[in-house]
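J.: Below you'll find entry08.cif; it's mmCIF, C-alpha atoms.
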data_entry
#
loop_
_atom_site.label_atom_id
_atom_site.label_comp_id
_atom_site.auth_asym_id
_atom_site.auth_seq_id
_atom_site.Cartn_x
_atom_site.Cartn_y
_atom_site.Cartn_z
CA MET A 1404 -20.60 64.09 -62.04
CA LEU A 1405 -17.04 63.62 -63.25
CA VAL A 1406 -16.77 61.04 -66.03
CA ARG A 1407 -13.33 59.85 -67.03
CA PRO A 1408 -12.06 58.32 -70.29
CA LEU A 1409 -10.90 54.72 -69.87
CA GLY A 1410 -7.52 54.85 -71.54
CA ASN A 1411 -7.93 54.86 -75.32
CA SER A 1412 -10.75 52.30 -75.25
CA GLY A 1413 -13.44 54.80 -76.22
CA LEU A 1414 -15.28 53.95 -73.00
CA THR A 1415 -15.92 56.34 -70.11
CA THR A 1416 -16.90 55.85 -66.49
CA PRO A 1417 -17.52 57.87 -63.35
CA ARG A 1418 -15.36 57.00 -60.36
CA LEU A 1419 -17.06 53.67 -59.67
CA VAL A 1420 -17.42 50.45 -61.66
CA LEU A 1421 -19.89 47.95 -60.24
CA GLY A 1422 -18.36 44.56 -59.47
CA GLY A 1423 -20.38 41.58 -60.65
CA ASN A 1424 -18.66 38.83 -58.65
CA VAL A 1425 -21.64 38.70 -56.25
CA PHE A 1426 -24.31 38.27 -58.92
CA GLY A 1427 -25.75 34.78 -59.03
CA TRP A 1428 -23.93 33.99 -55.76
CA ASN A 1429 -24.97 36.02 -52.72
CA LEU A 1430 -27.02 38.50 -54.72
CA THR A 1431 -29.80 37.05 -56.85
CA GLY A 1432 -33.30 37.66 -58.16
CA ALA A 1433 -35.19 40.88 -57.64
CA GLU A 1434 -32.64 42.37 -55.24
CA ALA A 1435 -29.89 41.95 -57.84
CA PHE A 1436 -32.05 43.72 -60.41
CA ARG A 1437 -32.70 46.55 -57.94
CA VAL A 1438 -28.97 47.01 -57.39
CA LEU A 1439 -28.32 47.12 -61.15
CA ASP A 1440 -31.26 49.50 -61.71
CA ARG A 1441 -30.05 51.88 -59.00
CA PHE A 1442 -26.46 51.84 -60.29
CA ALA A 1443 -27.64 52.79 -63.77
CA GLU A 1444 -30.00 55.46 -62.45
CA ALA A 1445 -27.13 57.01 -60.46
CA GLY A 1446 -25.04 57.43 -63.60
CA GLY A 1447 -22.99 54.22 -63.47
CA THR A 1448 -21.77 53.20 -66.90
CA MET A 1449 -19.95 49.86 -66.45
CA VAL A 1450 -20.56 46.52 -64.76
CA ASP A 1451 -17.60 44.15 -64.39
CA THR A 1452 -17.98 40.36 -64.45
CA ALA A 1453 -16.16 37.22 -65.65
CA ASP A 1454 -17.04 33.88 -67.18
CA VAL A 1455 -15.71 32.13 -64.07
CA TYR A 1456 -18.07 33.92 -61.63
CA SER A 1457 -19.18 32.09 -59.46
CA ALA A 1458 -17.53 28.71 -60.02
CA TRP A 1459 -16.24 28.68 -56.42
CA VAL A 1460 -19.77 28.13 -55.06
CA PRO A 1461 -20.75 24.47 -54.55
CA GLY A 1462 -23.06 23.44 -57.37
CA HIS A 1463 -22.02 26.33 -59.63
CA LYS A 1464 -19.92 25.96 -62.75
CA GLY A 1465 -19.25 29.59 -63.72
CA GLY A 1466 -21.32 31.88 -65.90
CA GLU A 1467 -23.92 32.55 -63.21
CA SER A 1468 -23.03 36.23 -62.99
CA GLU A 1469 -23.10 36.74 -66.76
CA THR A 1470 -26.45 34.96 -66.95
CA LEU A 1471 -28.03 37.19 -64.32
CA ILE A 1472 -26.66 40.35 -65.92
CA GLY A 1473 -28.00 39.14 -69.26
CA GLU A 1474 -31.43 38.66 -67.73
CA TRP A 1475 -31.31 42.20 -66.34
CA LEU A 1476 -30.25 43.65 -69.69
CA LYS A 1477 -33.17 41.92 -71.38
CA SER A 1478 -35.77 42.88 -68.77
CA SER A 1479 -34.58 46.48 -68.40
CA GLY A 1480 -33.95 47.10 -72.08
CA ARG A 1481 -30.80 49.03 -71.15
CA ARG A 1482 -27.66 49.13 -73.26
CA ASP A 1483 -26.27 52.39 -71.90
CA VAL A 1484 -24.32 50.39 -69.30
CA ALA A 1485 -21.16 48.81 -70.71
CA ILE A 1486 -20.44 45.20 -69.80
CA ALA A 1487 -16.90 44.08 -69.07
CA THR A 1488 -16.19 40.37 -68.76
CA LYS A 1489 -13.14 38.13 -68.70
CA VAL A 1490 -11.73 34.92 -70.12
CA GLY A 1491 -8.86 32.62 -69.24
CA TYR A 1492 -8.89 32.29 -65.47
CA GLU A 1493 -9.58 28.65 -66.18
CA GLY A 1494 -8.50 27.13 -69.47
CA GLY A 1495 -5.79 29.62 -70.40
CA LEU A 1496 -5.58 32.10 -73.26
CA SER A 1497 -5.19 29.95 -76.36
CA ALA A 1498 -6.99 31.25 -79.43
CA PRO A 1499 -9.54 28.39 -79.54
CA HIS A 1500 -10.39 28.84 -75.86
CA ILE A 1501 -10.80 32.62 -76.18
CA GLU A 1502 -12.99 32.33 -79.28
CA ARG A 1503 -15.18 29.59 -77.79
CA SER A 1504 -15.50 31.38 -74.45
CA ALA A 1505 -16.42 34.66 -76.12
CA GLU A 1506 -19.35 32.99 -77.87
CA GLU A 1507 -20.51 31.47 -74.58
CA SER A 1508 -20.27 34.84 -72.79
CA LEU A 1509 -22.16 36.60 -75.58
CA ARG A 1510 -24.92 33.98 -75.32
CA ARG A 1511 -25.22 34.25 -71.55
CA LEU A 1512 -25.20 38.05 -71.65
CA GLY A 1513 -27.66 38.13 -74.53
CA VAL A 1514 -25.67 40.78 -76.39
CA GLU A 1515 -23.98 41.02 -79.77
CA ARG A 1516 -20.84 42.70 -78.45
CA ILE A 1517 -18.80 42.57 -75.26
CA ASP A 1518 -17.84 46.17 -74.54
CA LEU A 1519 -14.60 45.32 -72.71
CA TYR A 1520 -13.06 41.84 -72.79
CA TYR A 1521 -10.20 40.99 -70.44
CA ALA A 1522 -7.55 38.35 -70.32
CA HIS A 1523 -8.34 37.35 -66.73
CA LYS A 1524 -4.77 36.39 -65.84
CA ASP A 1525 -1.51 35.96 -67.69
CA ASP A 1526 -0.95 32.64 -69.48
CA GLU A 1527 2.77 32.23 -70.06
CA ALA A 1528 2.21 28.87 -71.78
CA THR A 1529 0.47 30.58 -74.72
CA PRO A 1530 2.38 33.01 -76.95
CA LEU A 1531 1.20 36.58 -76.53
CA GLU A 1532 0.87 36.80 -80.33
CA GLU A 1533 -1.70 34.00 -80.30
CA THR A 1534 -3.73 35.56 -77.50
CA LEU A 1535 -3.69 39.04 -79.02
CA GLY A 1536 -4.50 37.62 -82.46
CA ALA A 1537 -7.63 35.97 -81.10
CA PHE A 1538 -8.74 39.19 -79.41
CA ASP A 1539 -7.99 41.11 -82.61
CA ARG A 1540 -10.22 38.82 -84.67
CA LEU A 1541 -13.06 39.22 -82.18
CA MET A 1542 -12.76 42.99 -82.40
CA ARG A 1543 -12.67 42.96 -86.20
CA ALA A 1544 -15.79 40.79 -86.19
CA GLY A 1545 -17.57 43.35 -84.01
CA LYS A 1546 -17.97 40.91 -81.13
CA VAL A 1547 -15.66 42.85 -78.76
CA GLY A 1548 -15.30 46.60 -78.40
CA ALA A 1549 -12.01 46.87 -76.48
CA ILE A 1550 -9.65 44.54 -74.65
CA GLY A 1551 -7.89 44.64 -71.32
CA ALA A 1552 -5.53 42.66 -69.13
CA SER A 1553 -6.12 41.60 -65.54
CA ASN A 1554 -3.39 40.38 -63.17
CA TYR A 1555 -0.50 41.12 -65.56
CA GLY A 1556 2.91 42.24 -64.36
CA ALA A 1557 4.73 45.18 -65.90
CA GLY A 1558 7.09 43.09 -68.01
CA ARG A 1559 4.43 40.96 -69.64
CA LEU A 1560 2.06 43.89 -70.18
CA ALA A 1561 4.85 45.90 -71.83
CA ALA A 1562 5.69 42.93 -74.05
CA ALA A 1563 2.05 42.58 -75.09
CA LEU A 1564 1.80 46.29 -75.91
CA ASP A 1565 4.96 46.11 -77.99
CA ILE A 1566 3.66 43.09 -79.94
CA SER A 1567 0.35 44.83 -80.64
CA GLU A 1568 2.19 47.87 -81.98
CA ARG A 1569 4.62 45.83 -84.05
CA GLU A 1570 2.08 43.40 -85.50
CA GLY A 1571 -0.83 45.81 -85.87
CA LEU A 1572 -2.99 43.84 -83.44
CA ALA A 1573 -5.59 44.97 -80.95
CA ARG A 1574 -3.98 46.49 -77.84
CA TYR A 1575 -4.75 46.08 -74.17
CA GLU A 1576 -6.28 49.46 -73.35
CA VAL A 1577 -7.22 48.70 -69.73
CA LEU A 1578 -5.48 47.06 -66.79
CA GLN A 1579 -7.35 45.50 -63.88
CA PRO A 1580 -4.91 44.93 -60.99
CA GLU A 1581 -5.46 44.22 -57.33
CA TYR A 1582 -4.92 47.59 -55.65
CA ASN A 1583 -6.09 49.20 -52.44
CA LEU A 1584 -4.69 50.81 -49.30
CA MET A 1585 -3.65 47.39 -47.98
CA ALA A 1586 -2.31 45.98 -51.27
CA ARG A 1587 -0.08 48.54 -52.96
CA GLU A 1588 3.07 46.76 -54.06
CA SER A 1589 1.81 44.98 -57.18
CA TYR A 1590 0.60 48.19 -58.90
CA GLU A 1591 2.70 51.05 -57.53
CA GLY A 1592 6.07 51.31 -59.23
CA ALA A 1593 6.83 49.81 -62.63
CA LEU A 1594 3.26 48.84 -63.50
CA GLN A 1595 1.84 52.24 -62.59
CA LYS A 1596 4.61 53.98 -64.54
CA LEU A 1597 3.92 51.82 -67.60
CA CYS A 1598 0.18 52.57 -67.52
CA LEU A 1599 0.82 56.30 -67.29
CA GLU A 1600 3.39 56.27 -70.10
CA ARG A 1601 1.30 54.11 -72.44
CA GLN A 1602 -2.09 55.66 -71.57
CA ILE A 1603 -3.62 52.50 -70.17
CA GLY A 1604 -6.83 52.92 -68.17
CA VAL A 1605 -6.71 51.30 -64.73
CA LEU A 1606 -9.71 49.78 -62.94
CA PRO A 1607 -8.49 48.18 -59.69
CA TYR A 1608 -10.34 45.28 -58.09
CA PHE A 1609 -10.62 44.52 -54.36
CA GLY A 1610 -10.78 48.28 -53.79
CA LEU A 1611 -12.02 47.66 -50.25
CA ALA A 1612 -9.63 44.77 -49.52
CA SER A 1613 -12.46 42.24 -49.44
CA GLY A 1614 -14.36 44.49 -47.04
CA PHE A 1615 -11.58 45.20 -44.53
CA LEU A 1616 -11.51 48.88 -45.45
CA THR A 1617 -15.19 49.29 -44.58
CA GLY A 1618 -14.06 49.27 -40.95
CA LYS A 1619 -16.41 46.49 -39.87
CA TYR A 1620 -13.62 44.04 -39.04
CA ARG A 1621 -11.86 45.22 -35.88
CA SER A 1622 -11.15 41.91 -34.13
CA GLU A 1623 -11.29 38.18 -34.77
CA ALA A 1624 -14.82 38.20 -33.37
CA ASP A 1625 -15.88 40.20 -36.44
CA PHE A 1626 -14.69 37.62 -38.98
CA GLY A 1627 -18.07 35.90 -39.00
CA LYS A 1628 -19.81 39.01 -40.34
CA SER A 1629 -19.51 37.83 -43.96
CA VAL A 1630 -18.44 34.93 -46.15
CA ARG A 1631 -15.16 36.78 -46.76
CA GLY A 1632 -14.40 37.28 -43.08
CA GLY A 1633 -11.76 34.57 -43.06
CA ARG A 1634 -9.54 36.73 -45.26
CA MET A 1635 -9.36 39.48 -42.66
CA ALA A 1636 -6.67 37.78 -40.57
CA ALA A 1637 -4.12 38.81 -43.20
CA TYR A 1638 -5.00 42.48 -42.69
CA LEU A 1639 -5.74 42.71 -38.98
CA ASN A 1640 -2.22 43.54 -37.83
CA GLU A 1641 -0.38 46.67 -36.70
CA ARG A 1642 -0.41 48.17 -40.19
CA GLY A 1643 -4.05 47.31 -40.74
CA ARG A 1644 -5.11 48.92 -37.47
CA ARG A 1645 -3.08 52.01 -38.37
CA VAL A 1646 -4.94 52.25 -41.69
CA LEU A 1647 -8.32 51.83 -39.99
CA ASP A 1648 -7.48 54.58 -37.49
CA ALA A 1649 -6.53 56.94 -40.34
CA LEU A 1650 -9.69 56.04 -42.25
CA ASP A 1651 -11.79 56.73 -39.15
CA GLU A 1652 -10.26 60.21 -38.85
CA VAL A 1653 -10.47 61.13 -42.53
CA ALA A 1654 -14.00 59.81 -42.94
CA ALA A 1655 -15.20 61.81 -39.92
CA GLU A 1656 -13.58 64.97 -41.26
CA ALA A 1657 -15.05 64.47 -44.74
CA GLY A 1658 -18.53 63.55 -43.55
CA ALA A 1659 -18.12 60.19 -45.27
CA THR A 1660 -17.86 56.51 -44.38
CA GLN A 1661 -14.63 54.55 -44.17
CA ALA A 1662 -15.48 52.72 -47.39
CA GLN A 1663 -16.08 55.98 -49.24
CA ALA A 1664 -12.80 57.43 -47.99
CA ALA A 1665 -10.85 54.31 -48.99
CA LEU A 1666 -12.35 54.32 -52.49
CA ALA A 1667 -11.81 58.08 -52.86
CA TRP A 1668 -8.10 57.59 -52.03
CA LEU A 1669 -7.92 54.86 -54.66
CA ALA A 1670 -9.78 56.86 -57.32
CA ALA A 1671 -7.31 59.75 -56.88
CA GLN A 1672 -4.15 57.68 -57.40
CA PRO A 1673 -2.10 58.43 -60.55
CA GLY A 1674 -3.27 56.35 -63.48
CA VAL A 1675 -6.42 55.03 -61.81
CA THR A 1676 -9.64 55.64 -63.73
CA ALA A 1677 -12.09 54.15 -61.23
CA PRO A 1678 -12.18 51.50 -58.52
CA ILE A 1679 -14.34 48.39 -58.87
CA ALA A 1680 -16.54 47.55 -55.89
CA SER A 1681 -19.48 45.23 -55.41
CA ALA A 1682 -22.61 45.52 -53.29
CA THR A 1683 -24.99 42.85 -52.05
CA SER A 1684 -27.87 45.25 -51.41
CA VAL A 1685 -29.19 48.61 -52.54
CA GLU A 1686 -28.20 50.01 -49.15
CA GLN A 1687 -24.57 48.96 -49.66
CA LEU A 1688 -24.63 50.40 -53.17
CA GLU A 1689 -25.88 53.76 -51.92
CA GLU A 1690 -22.79 53.97 -49.73
CA LEU A 1691 -20.47 53.07 -52.61
CA LEU A 1692 -22.04 55.68 -54.87
CA GLY A 1693 -20.61 58.36 -52.59
CA VAL A 1694 -17.18 57.87 -54.17
CA MET A 1695 -18.46 59.39 -57.40
CA SER A 1696 -18.37 62.86 -55.83
CA LEU A 1697 -16.17 62.60 -52.72
CA GLU A 1698 -12.92 64.58 -52.96
CA LEU A 1699 -10.33 64.26 -50.21
CA SER A 1700 -7.85 67.04 -49.47
CA ALA A 1701 -4.17 66.60 -50.31
CA GLU A 1702 -3.40 66.42 -46.59
CA GLN A 1703 -6.01 63.68 -46.07
CA MET A 1704 -4.65 61.72 -49.03
CA ASP A 1705 -1.12 61.99 -47.63
CA ARG A 1706 -2.28 60.86 -44.22
CA LEU A 1707 -3.90 57.72 -45.63
CA SER A 1708 -0.87 56.98 -47.79
CA ALA A 1709 1.47 57.32 -44.82
CA ALA A 1710 -0.67 55.04 -42.66
CA ALA A 1711 -0.67 52.42 -45.41
CA ALA A 1712 3.05 52.69 -46.20
#
Using structure tokens, write down the structure that the file contains.
T.:
Amino acid sequence: MLVRPLGNSGLTTPRLVLGGNVFGWNLTGAEAFRVLDRFAEAGGTMVDTADVYSAWVPGHKGGESETLIGEWLKSSGRRDVAIATKVGYEGGLSAPHIERSAEESLRRLGVERIDLYYAHKDDEATPLEETLGAFDRLMRAGKVGAIGASNYGAGRLAAALDISEREGLARYEVLQPEYNLMARESYEGALQKLCLERQIGVLPYFGLASGFLTGKYRSEADFGKSVRGGRMAAYLNERGRRVLDALDEVAAEAGATQAQAALAWLAAQPGVTAPIASATSVEQLEELLGVMSLELSAEQMDRLSAAAA
């Protein structure tokens, strides 16, 4: 199995990071533990979560995903799977908020160190120096192994990297952008170029466009197939149908599923280390695991890119 370095973070991963947004929401209890067990057994080395997961569920307040992962870590005794979590989606990126939130995440996860800690989204109201200083102190204290940025544009990420270099502070080593066959514009171009030039690892989220690229949403009648079905209206247009047709062809040729082909395209893009994808059952996970070894031909990659242009 091919394992890739994640920028200069010191972390490595095969071509799949397991998304934790479903844990404590629509994946709980023994089935959640089975998914985590199978991912680790298959060679997975990183689970991605956030302190805000799953605050969008009525009756939840955030931290449910971290709590479940922490329970699995304790029951399984595993620490060969790195845990990535995030701060600042709510509450911003002030130093006090980062430091307080880190302690809460460590407690919920039941660990002494967060392997990869992200700024969940840019906070232009807080100076980058303050945010990076807080992350730097957490790293020096041994509470965080590496830091990353999620949902940052090229200009702000470049500014943060320059400040880290100038001030001798911890540096964002990983970027987590939205990126998939249906959402290309925010990463391709200046942001991709910056990550390649500065050796930033890239772990895209929504690798399957909220499930659209699995091929199970072909008409409005299919929107009720999942809790995310309402999002499909944005994709089910001429371009979206063109992408699905290309995925159907490439998947059939490769002996793969549409989801595997979509993730394999993503994993092969310049700068990308591995896509992030979540599963709500062991059966779904087994399908996702196929991306770890699936290689598309150059012609198949070009065909998917052209369909998604």
J.: Enumerate, as a VMD selection string, the residues matched when the PyMOL selection byres ((chain A and resi 1496) around 8) is run on the file above.
T.: chain A and resid 1490 to 1491 1494 to 1495 1497 to 1498 1500 to 1501 1522 1525 to 1526 1529 1534
J.: Residues of region 1505-1552 of chain A within 7 Å of region 1568-1584 of chain A: nearest atom pair and distance (Å, one decimal) for each, counting only C-alpha atoms, sorted by chain and number, as JSON lines?
T.:
{"residue": "A:Leu1535", "atom": "CA", "partner": "A:Ala1573", "partner_atom": "CA", "distance": 6.5}
{"residue": "A:Gly1536", "atom": "CA", "partner": "A:Leu1572", "partner_atom": "CA", "distance": 6.5}
{"residue": "A:Phe1538", "atom": "CA", "partner": "A:Ala1573", "partner_atom": "CA", "distance": 6.8}
{"residue": "A:Asp1539", "atom": "CA", "partner": "A:Ala1573", "partner_atom": "CA", "distance": 4.8}
{"residue": "A:Ile1550", "atom": "CA", "partner": "A:Tyr1575", "partner_atom": "CA", "distance": 5.2}
{"residue": "A:Gly1551", "atom": "CA", "partner": "A:Val1577", "partner_atom": "CA", "distance": 4.4}
{"residue": "A:Ala1552", "atom": "CA", "partner": "A:Leu1578", "partner_atom": "CA", "distance": 5.0}
J.: Could you dump the residues just selected with C-alpha atoms as a PDB file, in the coordinates of the input?
T.:
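This is the output file part09.pdb:
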ATOM      1  CA  LEU A1535      -3.690  39.040 -79.020  1.00  0.00           C
ATOM      2  CA  GLY A1536      -4.500  37.620 -82.460  1.00  0.00           C
ATOM      3  CA  PHE A1538      -8.740  39.190 -79.410  1.00  0.00           C
ATOM      4  CA  ASP A1539      -7.990  41.110 -82.610  1.00  0.00           C
ATOM      5  CA  ILE A1550      -9.650  44.540 -74.650  1.00  0.00           C
ATOM      6  CA  GLY A1551      -7.890  44.640 -71.320  1.00  0.00           C
ATOM      7  CA  ALA A1552      -5.530  42.660 -69.130  1.00  0.00           C
TER       8      ALA A1552
END
J.: Could you tell me which of A:Ala1562, A:Ala1505, A:Leu1419, A:Leu1599 comes closest to Arg1540 (chain A) if we count only C-alpha atoms?
T.: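 Answer, going by the shortest atom-to-atom distance: A:Ala1505.
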J.: Using CA of Glu1588 (chain A) and CA of His1523 (chain A) as the two end points, give the distance in Å to one decimal.
T.: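 Between CA of Glu1588 (chain A) and CA of His1523 (chain A) the gap works out to 19.5 Å.
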J.: Identify all residues satisfying the PyMOL selection byres ((chain A and resi 1478) around 12) in the given file; provide them as an MDAnalysis selection string.
T.: chainID A and resid 1433 1436:1437 1439:1440 1471:1477 1479:1482 1512:1513
J.: Any idea what's packed within 12 Å of Phe1426 (chain A), counting only C-alpha atoms, ignoring anything in its chain fewer than 6 positions away? Could you give it as a ChimeraX atom specification?
T.: /A:1432-1439,1450-1458,1460,1465-1475,1681-1684
J.: Counting only C-alpha atoms, figure out which residue out of A:Leu1430, A:Ile1566, A:Gln1663, A:Pro1499 gets nearest to Pro1678 (chain A).
T.: A:Gln1663
J.: Just the number, please: distance in Å from CA of Leu1564 (chain A) to CA of Ile1603 (chain A), one decimal.
T.: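 Interatomic distance, CA of Leu1564 (chain A) to CA of Ile1603 (chain A): 10.0 Å.
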J.: Counting all atoms listed in the file, what is within 9 Å of Ala1671 (chain A), bar same-chain residues fewer than 6 positions away, as a VMD selection string?
T.: chain A and resid 1677 1698 to 1699 1704
J.: Would you place a box with edges along x, y and z of the file around all atoms of region 1453-1468 of chain A listed there, add 6 Å to each of its six sides, and report the centre and edge lengths in Å to one decimal, as AutoDock Vina command-line options?
T.:
--center_x -19.8 --center_y 30.3 --center_z -60.9 --size_x 20.2 --size_y 25.8 --size_z 24.6
J.: Calculate how many Å separate CA of Val1685 (chain A) from CA of Ala1665 (chain A), rounding to one decimal.
T.: 19.5 Å
J.: When the PyMOL selection byres ((chain A and resi 1670) around 12) is applied to the structure above, which residues does it catch, written out as a PDB file with C-alpha atoms, keeping the file's coordinate frame?
T.:
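Result file part32.pdb:
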ATOM      1  CA  LEU A1405     -17.040  63.620 -63.250  1.00  0.00           C
ATOM      2  CA  VAL A1406     -16.770  61.040 -66.030  1.00  0.00           C
ATOM      3  CA  ARG A1407     -13.330  59.850 -67.030  1.00  0.00           C
ATOM      4  CA  THR A1416     -16.900  55.850 -66.490  1.00  0.00           C
ATOM      5  CA  PRO A1417     -17.520  57.870 -63.350  1.00  0.00           C
ATOM      6  CA  ARG A1418     -15.360  57.000 -60.360  1.00  0.00           C
ATOM      7  CA  LEU A1419     -17.060  53.670 -59.670  1.00  0.00           C
ATOM      8  CA  VAL A1420     -17.420  50.450 -61.660  1.00  0.00           C
ATOM      9  CA  TYR A1582      -4.920  47.590 -55.650  1.00  0.00           C
ATOM     10  CA  ASN A1583      -6.090  49.200 -52.440  1.00  0.00           C
ATOM     11  CA  LEU A1584      -4.690  50.810 -49.300  1.00  0.00           C
ATOM     12  CA  GLY A1604      -6.830  52.920 -68.170  1.00  0.00           C
ATOM     13  CA  VAL A1605      -6.710  51.300 -64.730  1.00  0.00           C
ATOM     14  CA  LEU A1606      -9.710  49.780 -62.940  1.00  0.00           C
ATOM     15  CA  PRO A1607      -8.490  48.180 -59.690  1.00  0.00           C
ATOM     16  CA  TYR A1608     -10.340  45.280 -58.090  1.00  0.00           C
ATOM     17  CA  GLY A1610     -10.780  48.280 -53.790  1.00  0.00           C
ATOM     18  CA  LEU A1611     -12.020  47.660 -50.250  1.00  0.00           C
ATOM     19  CA  GLN A1663     -16.080  55.980 -49.240  1.00  0.00           C
ATOM     20  CA  ALA A1664     -12.800  57.430 -47.990  1.00  0.00           C
ATOM     21  CA  ALA A1665     -10.850  54.310 -48.990  1.00  0.00           C
ATOM     22  CA  LEU A1666     -12.350  54.320 -52.490  1.00  0.00           C
ATOM     23  CA  ALA A1667     -11.810  58.080 -52.860  1.00  0.00           C
ATOM     24  CA  TRP A1668      -8.100  57.590 -52.030  1.00  0.00           C
ATOM     25  CA  LEU A1669      -7.920  54.860 -54.660  1.00  0.00           C
ATOM     26  CA  ALA A1671      -7.310  59.750 -56.880  1.00  0.00           C
ATOM     27  CA  GLN A1672      -4.150  57.680 -57.400  1.00  0.00           C
ATOM     28  CA  PRO A1673      -2.100  58.430 -60.550  1.00  0.00           C
ATOM     29  CA  GLY A1674      -3.270  56.350 -63.480  1.00  0.00           C
ATOM     30  CA  VAL A1675      -6.420  55.030 -61.810  1.00  0.00           C
ATOM     31  CA  THR A1676      -9.640  55.640 -63.730  1.00  0.00           C
ATOM     32  CA  ALA A1677     -12.090  54.150 -61.230  1.00  0.00           C
ATOM     33  CA  PRO A1678     -12.180  51.500 -58.520  1.00  0.00           C
ATOM     34  CA  ILE A1679     -14.340  48.390 -58.870  1.00  0.00           C
ATOM     35  CA  ALA A1680     -16.540  47.550 -55.890  1.00  0.00           C
ATOM     36  CA  GLY A1693     -20.610  58.360 -52.590  1.00  0.00           C
ATOM     37  CA  VAL A1694     -17.180  57.870 -54.170  1.00  0.00           C
ATOM     38  CA  MET A1695     -18.460  59.390 -57.400  1.00  0.00           C
ATOM     39  CA  SER A1696     -18.370  62.860 -55.830  1.00  0.00           C
ATOM     40  CA  LEU A1697     -16.170  62.600 -52.720  1.00  0.00           C
ATOM     41  CA  GLU A1698     -12.920  64.580 -52.960  1.00  0.00           C
ATOM     42  CA  LEU A1699     -10.330  64.260 -50.210  1.00  0.00           C
ATOM     43  CA  MET A1704      -4.650  61.720 -49.030  1.00  0.00           C
TER      44      MET A1704
END
J.: Smallest atom-to-atom distance to Ser1622 (chain A): which of A:Leu1639, A:Ala1586, A:Met1449, A:Ala1657, using only C-alpha atoms?
T.: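 The closest residue to Ser1622 (chain A) is A:Leu1639.
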J.: So that I can check the surroundings of Ala1561 (chain A), please list as a PyMOL selection string every protein, DNA and RNA residue that reaches within 10 Å of it, counting only C-alpha atoms and ignoring chain neighbours fewer than 2 positions away.
T.: chain A and resi 1555-1559+1563-1567+1575+1594+1597-1598+1601
J.: Tell me, as a PyMOL selection string, which residues lie within 10 Å of Gly1413 (chain A), counting all atoms listed in the file; anything in the same chain fewer than 6 positions away does not count.
T.: chain A and resi 1518+1548-1549+1576
J.: Excluding Ala1711 (chain A) and its own-chain neighbours fewer than 5 positions away, which residues fall within 10 Å of it when counting all atoms listed in the file? Please give them as a list in words.
T.: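 My reading of the contact set: Asn1583, Leu1584, Met1585, Ala1586, Arg1587, Arg1642, Gly1643, Arg1644, Arg1645, Val1646, Leu1647, Ala1649, Asp1705 and Arg1706 of chain A.
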J.: Which one of A:Asp1483, A:Glu1502, A:Ala1662, A:Arg1634 sits closest to Glu1533 (chain A) if you count only C-alpha atoms?
T.: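 Of the candidates, the smallest distance to Glu1533 (chain A) is held by A:Glu1502.
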